[in-house]
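Q: For reference, this is query.tsv, and it has TSV, C-alpha atoms and all ligand atoms.
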chain	number	residue	atom	x	y	z
A	1	MET	CA	189.83	18.25	115.88
A	2	LYS	CA	189.49	20.41	118.95
A	3	LYS	CA	187.35	23.50	118.37
A	4	VAL	CA	186.67	26.64	120.37
A	5	TYR	CA	182.94	27.20	120.84
A	6	GLY	CA	181.72	30.69	121.63
A	7	ILE	CA	178.29	30.66	123.20
A	8	ASP	CA	175.94	33.52	123.99
A	9	LEU	CA	174.03	33.40	127.28
A	10	ASP	CA	170.66	35.12	126.91
A	11	GLY	CA	168.37	33.56	124.34
A	12	VAL	CA	170.86	30.77	123.64
A	13	THR	CA	171.79	29.23	126.99
A	14	PHE	CA	169.17	30.86	129.24
A	15	ARG	CA	165.53	31.84	128.79
A	16	PHE	CA	166.02	35.55	129.32
A	17	LYS	CA	162.93	36.57	127.36
A	18	ARG	CA	160.66	34.65	129.70
A	19	GLY	CA	162.45	35.94	132.82
A	20	LEU	CA	162.20	39.57	131.83
A	21	GLY	CA	158.70	39.12	130.42
A	22	LEU	CA	157.36	37.78	133.70
A	23	HIS	CA	159.05	40.63	135.57
A	24	ILE	CA	157.38	43.19	133.30
A	25	GLU	CA	154.08	41.40	133.77
A	26	ASP	CA	154.52	41.61	137.56
A	27	VAL	CA	155.55	45.25	137.67
A	28	LEU	CA	153.50	46.79	134.89
A	29	GLY	CA	150.65	44.33	134.46
A	30	ILE	CA	151.47	43.89	130.77
A	31	PRO	CA	150.95	40.17	130.07
A	32	PHE	CA	153.96	38.27	128.75
A	33	ARG	CA	153.13	36.81	125.36
A	34	GLU	CA	156.15	35.31	123.69
A	35	GLU	CA	154.55	35.57	120.23
A	36	GLU	CA	154.39	39.33	120.68
A	37	ILE	CA	158.18	39.72	120.99
A	38	THR	CA	158.95	40.25	117.33
A	39	HIS	CA	161.49	43.01	117.89
A	40	TYR	CA	164.72	42.91	119.89
A	41	TYR	CA	163.67	46.13	121.59
A	42	TRP	CA	160.36	45.15	123.05
A	43	HIS	CA	158.87	48.62	123.22
A	44	GLU	CA	158.82	48.53	119.40
A	45	CYS	CA	156.30	45.69	119.41
A	46	VAL	CA	154.64	45.18	122.81
A	47	ASP	CA	151.37	47.00	123.26
A	48	GLY	CA	151.45	49.55	126.08
A	49	LEU	CA	155.18	49.22	126.81
A	50	SER	CA	157.11	52.48	126.55
A	51	LYS	CA	160.82	52.68	125.84
A	52	GLU	CA	161.42	54.19	129.27
A	53	ASP	CA	159.51	51.42	131.06
A	54	PHE	CA	161.27	48.74	129.03
A	55	ASN	CA	164.71	50.11	129.85
A	56	ARG	CA	163.85	50.61	133.51
A	57	CYS	CA	162.43	47.08	133.84
A	58	PHE	CA	165.45	45.62	132.04
A	59	HIS	CA	167.86	47.07	134.60
A	60	GLU	CA	165.57	46.52	137.60
A	61	PHE	CA	165.30	42.89	136.64
A	62	GLY	CA	169.05	42.47	136.26
A	63	GLU	CA	170.05	44.43	139.34
A	64	GLY	CA	167.44	42.59	141.38
A	65	GLY	CA	169.10	39.22	140.75
A	66	GLY	CA	167.19	38.30	137.61
A	67	TYR	CA	170.24	36.75	135.95
A	68	ARG	CA	170.78	34.47	138.92
A	69	ASP	CA	167.69	32.35	138.43
A	70	LEU	CA	166.97	32.17	134.71
A	71	ASP	CA	165.85	28.80	133.42
A	72	PRO	CA	168.06	27.19	130.79
A	73	LEU	CA	166.83	26.70	127.24
A	74	PRO	CA	165.83	23.06	126.79
A	75	GLY	CA	168.97	20.96	126.29
A	76	SER	CA	171.43	23.84	126.62
A	77	ILE	CA	173.25	22.76	129.77
A	78	GLU	CA	173.44	19.12	128.67
A	79	GLY	CA	174.55	20.26	125.21
A	80	ILE	CA	177.39	22.38	126.56
A	81	LYS	CA	178.52	19.47	128.74
A	82	LYS	CA	178.57	17.23	125.65
A	83	ILE	CA	180.70	19.75	123.77
A	84	LEU	CA	183.13	19.80	126.70
A	85	ALA	CA	183.06	16.01	127.00
A	86	GLU	CA	184.22	15.76	123.38
A	87	GLY	CA	187.30	17.76	124.28
A	88	HIS	CA	186.33	21.17	122.88
A	89	GLU	CA	186.76	24.53	124.58
A	90	VAL	CA	183.73	26.62	125.60
A	91	ARG	CA	183.76	30.39	126.04
A	92	PHE	CA	180.63	32.26	127.02
A	93	ILE	CA	180.64	35.68	125.44
A	94	THR	CA	177.80	37.87	126.65
A	95	SER	CA	176.68	41.48	126.37
A	96	ARG	CA	175.07	41.42	129.81
A	97	PRO	CA	175.63	44.53	131.91
A	98	LYS	CA	178.68	44.36	134.19
A	99	TYR	CA	176.54	44.27	137.32
A	100	ALA	CA	175.32	40.82	136.26
A	101	TYR	CA	178.76	39.26	136.66
A	102	ARG	CA	178.34	37.76	140.11
A	103	ASP	CA	174.86	36.40	139.43
A	104	THR	CA	176.10	34.94	136.17
A	105	VAL	CA	178.99	33.13	137.84
A	106	GLU	CA	176.74	31.79	140.60
A	107	CYS	CA	174.25	30.55	138.04
A	108	LEU	CA	176.96	28.79	136.00
A	109	VAL	CA	178.30	27.19	139.20
A	110	GLU	CA	174.84	25.92	140.03
A	111	HIS	CA	174.58	24.28	136.61
A	112	GLY	CA	178.04	22.76	136.93
A	113	LEU	CA	179.56	24.90	134.19
A	114	ASP	CA	182.00	26.96	136.20
A	115	THR	CA	185.20	24.98	136.16
A	116	ASN	CA	185.60	24.01	132.51
A	117	THR	CA	184.39	27.13	130.74
A	118	TYR	CA	185.49	30.74	130.26
A	119	LEU	CA	183.25	33.75	130.76
A	120	HIS	CA	183.67	37.08	128.96
A	121	PHE	CA	181.58	40.20	129.40
A	122	ALA	CA	181.98	41.81	126.01
A	123	GLU	CA	181.99	45.55	125.78
A	124	GLY	CA	180.73	46.44	122.35
A	125	ASP	CA	181.58	44.26	119.38
A	126	LYS	CA	181.82	40.54	120.17
A	127	SER	CA	184.05	40.10	117.10
A	128	VAL	CA	187.00	41.32	119.14
A	129	TYR	CA	186.60	38.40	121.55
A	130	ILE	CA	185.89	35.90	118.79
A	131	LYS	CA	189.17	36.83	117.10
A	132	ARG	CA	191.21	37.16	120.30
A	133	TYR	CA	190.30	33.64	121.46
A	134	ASN	CA	190.26	32.03	118.00
A	135	VAL	CA	186.64	31.03	118.32
A	136	ASP	CA	185.73	28.56	115.56
A	137	VAL	CA	181.98	28.37	116.10
A	138	PHE	CA	179.73	31.02	117.60
A	139	ILE	CA	176.05	30.86	118.43
A	140	ASP	CA	174.02	33.98	119.19
A	141	ASP	CA	170.46	35.23	118.84
A	142	SER	CA	170.82	38.99	118.51
A	143	PRO	CA	169.79	40.44	115.14
A	144	TYR	CA	172.42	43.13	115.73
A	145	THR	CA	175.30	40.91	116.82
A	146	ILE	CA	174.93	38.28	114.10
A	147	PRO	CA	175.53	40.52	111.04
A	148	GLU	CA	178.41	42.18	112.90
A	149	ILE	CA	180.25	38.96	113.74
A	150	VAL	CA	179.56	37.48	110.32
A	151	SER	CA	181.23	40.49	108.67
A	152	ASN	CA	184.13	40.79	111.08
A	153	THR	CA	185.16	37.21	111.84
A	154	ARG	CA	185.75	33.93	110.05
A	155	ALA	CA	183.90	31.84	112.64
A	156	GLN	CA	181.02	29.60	111.65
A	157	ILE	CA	178.01	31.52	112.94
A	158	TYR	CA	174.76	29.99	114.12
A	159	CYS	CA	171.57	31.90	114.87
A	160	MET	CA	169.29	30.48	117.55
A	161	ASP	CA	165.82	31.09	116.18
A	162	HIS	CA	163.64	33.76	117.80
A	163	LEU	CA	160.84	35.79	116.20
A	164	PHE	CA	162.95	38.93	116.58
A	165	ASN	CA	165.74	37.58	114.36
A	166	ARG	CA	163.68	36.01	111.54
A	167	HIS	CA	164.11	39.02	109.27
A	168	LEU	CA	167.81	38.15	108.95
A	169	ASP	CA	166.69	35.44	106.49
A	170	ASP	CA	165.70	38.15	104.02
A	171	ASN	CA	169.37	38.30	103.13
A	172	ASP	CA	169.82	35.44	100.62
A	173	ASP	CA	173.51	34.78	101.22
A	174	GLU	CA	174.57	31.66	103.06
A	175	TRP	CA	175.95	33.66	105.93
A	176	PHE	CA	174.84	31.88	109.08
A	177	ARG	CA	172.96	28.75	109.96
A	178	ARG	CA	169.63	29.07	111.70
A	179	VAL	CA	168.87	26.41	114.31
A	180	TYR	CA	165.66	25.97	116.24
A	181	ASN	CA	166.94	24.16	119.30
A	182	TRP	CA	170.03	22.68	120.92
A	183	ASP	CA	169.64	19.22	119.41
A	184	GLU	CA	169.72	20.73	115.96
A	185	PHE	CA	172.79	22.81	116.77
A	186	LEU	CA	174.67	19.81	118.15
A	187	LYS	CA	173.71	17.65	115.16
A	188	GLU	CA	174.93	20.32	112.73
A	189	GLU	CA	178.22	20.30	114.63
A	190	GLY	CA	178.48	16.53	114.67
A	191	ILE	CA	178.37	16.41	118.45
A	192	ASN	CA	176.92	13.14	119.68
A	193	VAL	CA	173.36	13.68	120.87
A	201	MG	MG	171.53	36.74	123.33
Take the structure from the file and write it as structure tokens.
A:
Amino acid sequence: MKKVYGIDLDGVTFRFKRGLGLHIEDVLGIPFREEEITHYYWHECVDGLSKEDFNRCFHEFGEGGGYRDLDPLPGSIEGIKKILAEGHEVRFITSRPKYAYRDTVECLVEHGLDTNTYLHFAEGDKSVYIKRYNVDVFIDDSPYTIPEIVSNTRAQIYCMDHLFNRHLDDNDDEWFRRVYNWDEFLKEEGINV
């Protein structure tokens, strides 16, 4: 059966955390330590990083072409191509700022994902897009987005594991499936890996 897959970009398809972390390290001299990123808003958990600096670096990084050159998460590009090869539809639904649109398209072109996929820059709640395009399966990593789309849609939701979303497991209900990498996600979905 053909399914519609909704896929988040940062933290699911691309290694945004590393990209921004190295930028902050460059600009502010605060070393990037992935194990320190236990909160979605880094200034809540990174020593010496103020909210103002975090927000400024976030936009500087994006406006300076940061989204153009992010590395993919291991297996993400190949995984998306496998989903497409099995006849499913893929829609990227991202909360990136609007100014990232061109860099995002160029990056998808470079990875060969431009012609067979759809790209949506969500404003606010991703549920609207999930319902509008009848998305069957959605994978995200944001601890804010996941509860929202679980409550507001009937899609099967997956959470790509990051330290900053682990606390979602404190809720005992079977409300999303946590996966630790792309192989695991594809196996759960019965996509040939
Ligand atoms: Mg994300």
Q: Interatomic distance between atom CA of A:Leu73 and atom CA of A:Glu110?
A: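 Separation between atom CA of A:Leu73 and atom CA of A:Glu110: 15.1 Å.
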Q: Name each residue within 10 Å of ligand MG 201 (chain A), counting all atoms listed in the file, as a list in words.
A: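 Sorted by chain and then by number, the residues are Ile7, Asp8, Leu9, Asp10, Gly11, Val12, Thr13, Phe14, Arg15, Phe16, Lys17, Tyr40, Ile93, Thr94, Ser95, Arg96, Ile139, Asp140, Asp141, Ser142, Pro143, Tyr144, Thr145, Ile146, Cys159 and Met160 of chain A.
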Q: With a distance cut-off of 9 Å and all atoms listed in the file, select the neighbouring residues of A:His88, excluding the residue or stretch itself and same-chain residues fewer than 6 positions from it, and output the selection as an NGL selection string.
A: :A and (1-5)
Q: Taking into account all atoms listed in the file, which residue in the set A:His167, A:Gly6, A:Asp114, A:Thr38 is nearest to A:Ile83?
A: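 Closest to A:Ile83, using all atoms listed in the file: A:Gly6.
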Q: Give me the residues near A:Ile37 as a count of residues only, where near means some atom within 9 Å (using all atoms listed in the file) and where sequence neighbours in that chain fewer than 5 positions away do not count.
A: 9
Q: My list of candidates is A:Gly75, A:Gly190, A:Gly65, A:Gly124. Which is closest to A:Thr104 when distances are computed with all atoms listed in the file?
A: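 Using all atoms listed in the file, A:Thr104 sits closest to A:Gly65.
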Q: Given all atoms listed in the file as the basis, pick out the residue of A:Ala122, A:Leu20, A:Ile30, A:Val109 nearest to A:Tyr67.
A: A:Leu20
Q: What gap, in Å, lies between atom CA of A:Ile191 and atom CA of A:Val135?
A: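 Straight-line distance from atom CA of A:Ile191 to atom CA of A:Val135 works out to 16.8 Å.
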Q: Mind pulling up the distance from atom CA of A:Leu70 to atom CA of A:Gln156?
A: 27.1 Å
Q: Taking only C-alpha atoms into account, name the residue in A:Val128, A:Leu113, A:Arg177, A:Val27 that is nearest to A:Glu78.
A: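 Of all the options, A:Leu113 lies closest to A:Glu78.
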Q: Pick the closest to A:Arg166 from A:Val179, A:Leu108, A:Leu186, A:Ala85: which is it, counting only C-alpha atoms?
A: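 Ranking A:Val179, A:Leu108, A:Leu186, A:Ala85 by distance to A:Arg166, first place goes to A:Val179.
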Q: Of the candidates A:Glu189, A:Gly112, A:His120, A:Asp125, which shows the shortest atom-to-atom distance to A:Val137, using all atoms listed in the file?
A: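 Ranked by minimum distance to A:Val137, first place goes to A:Glu189.
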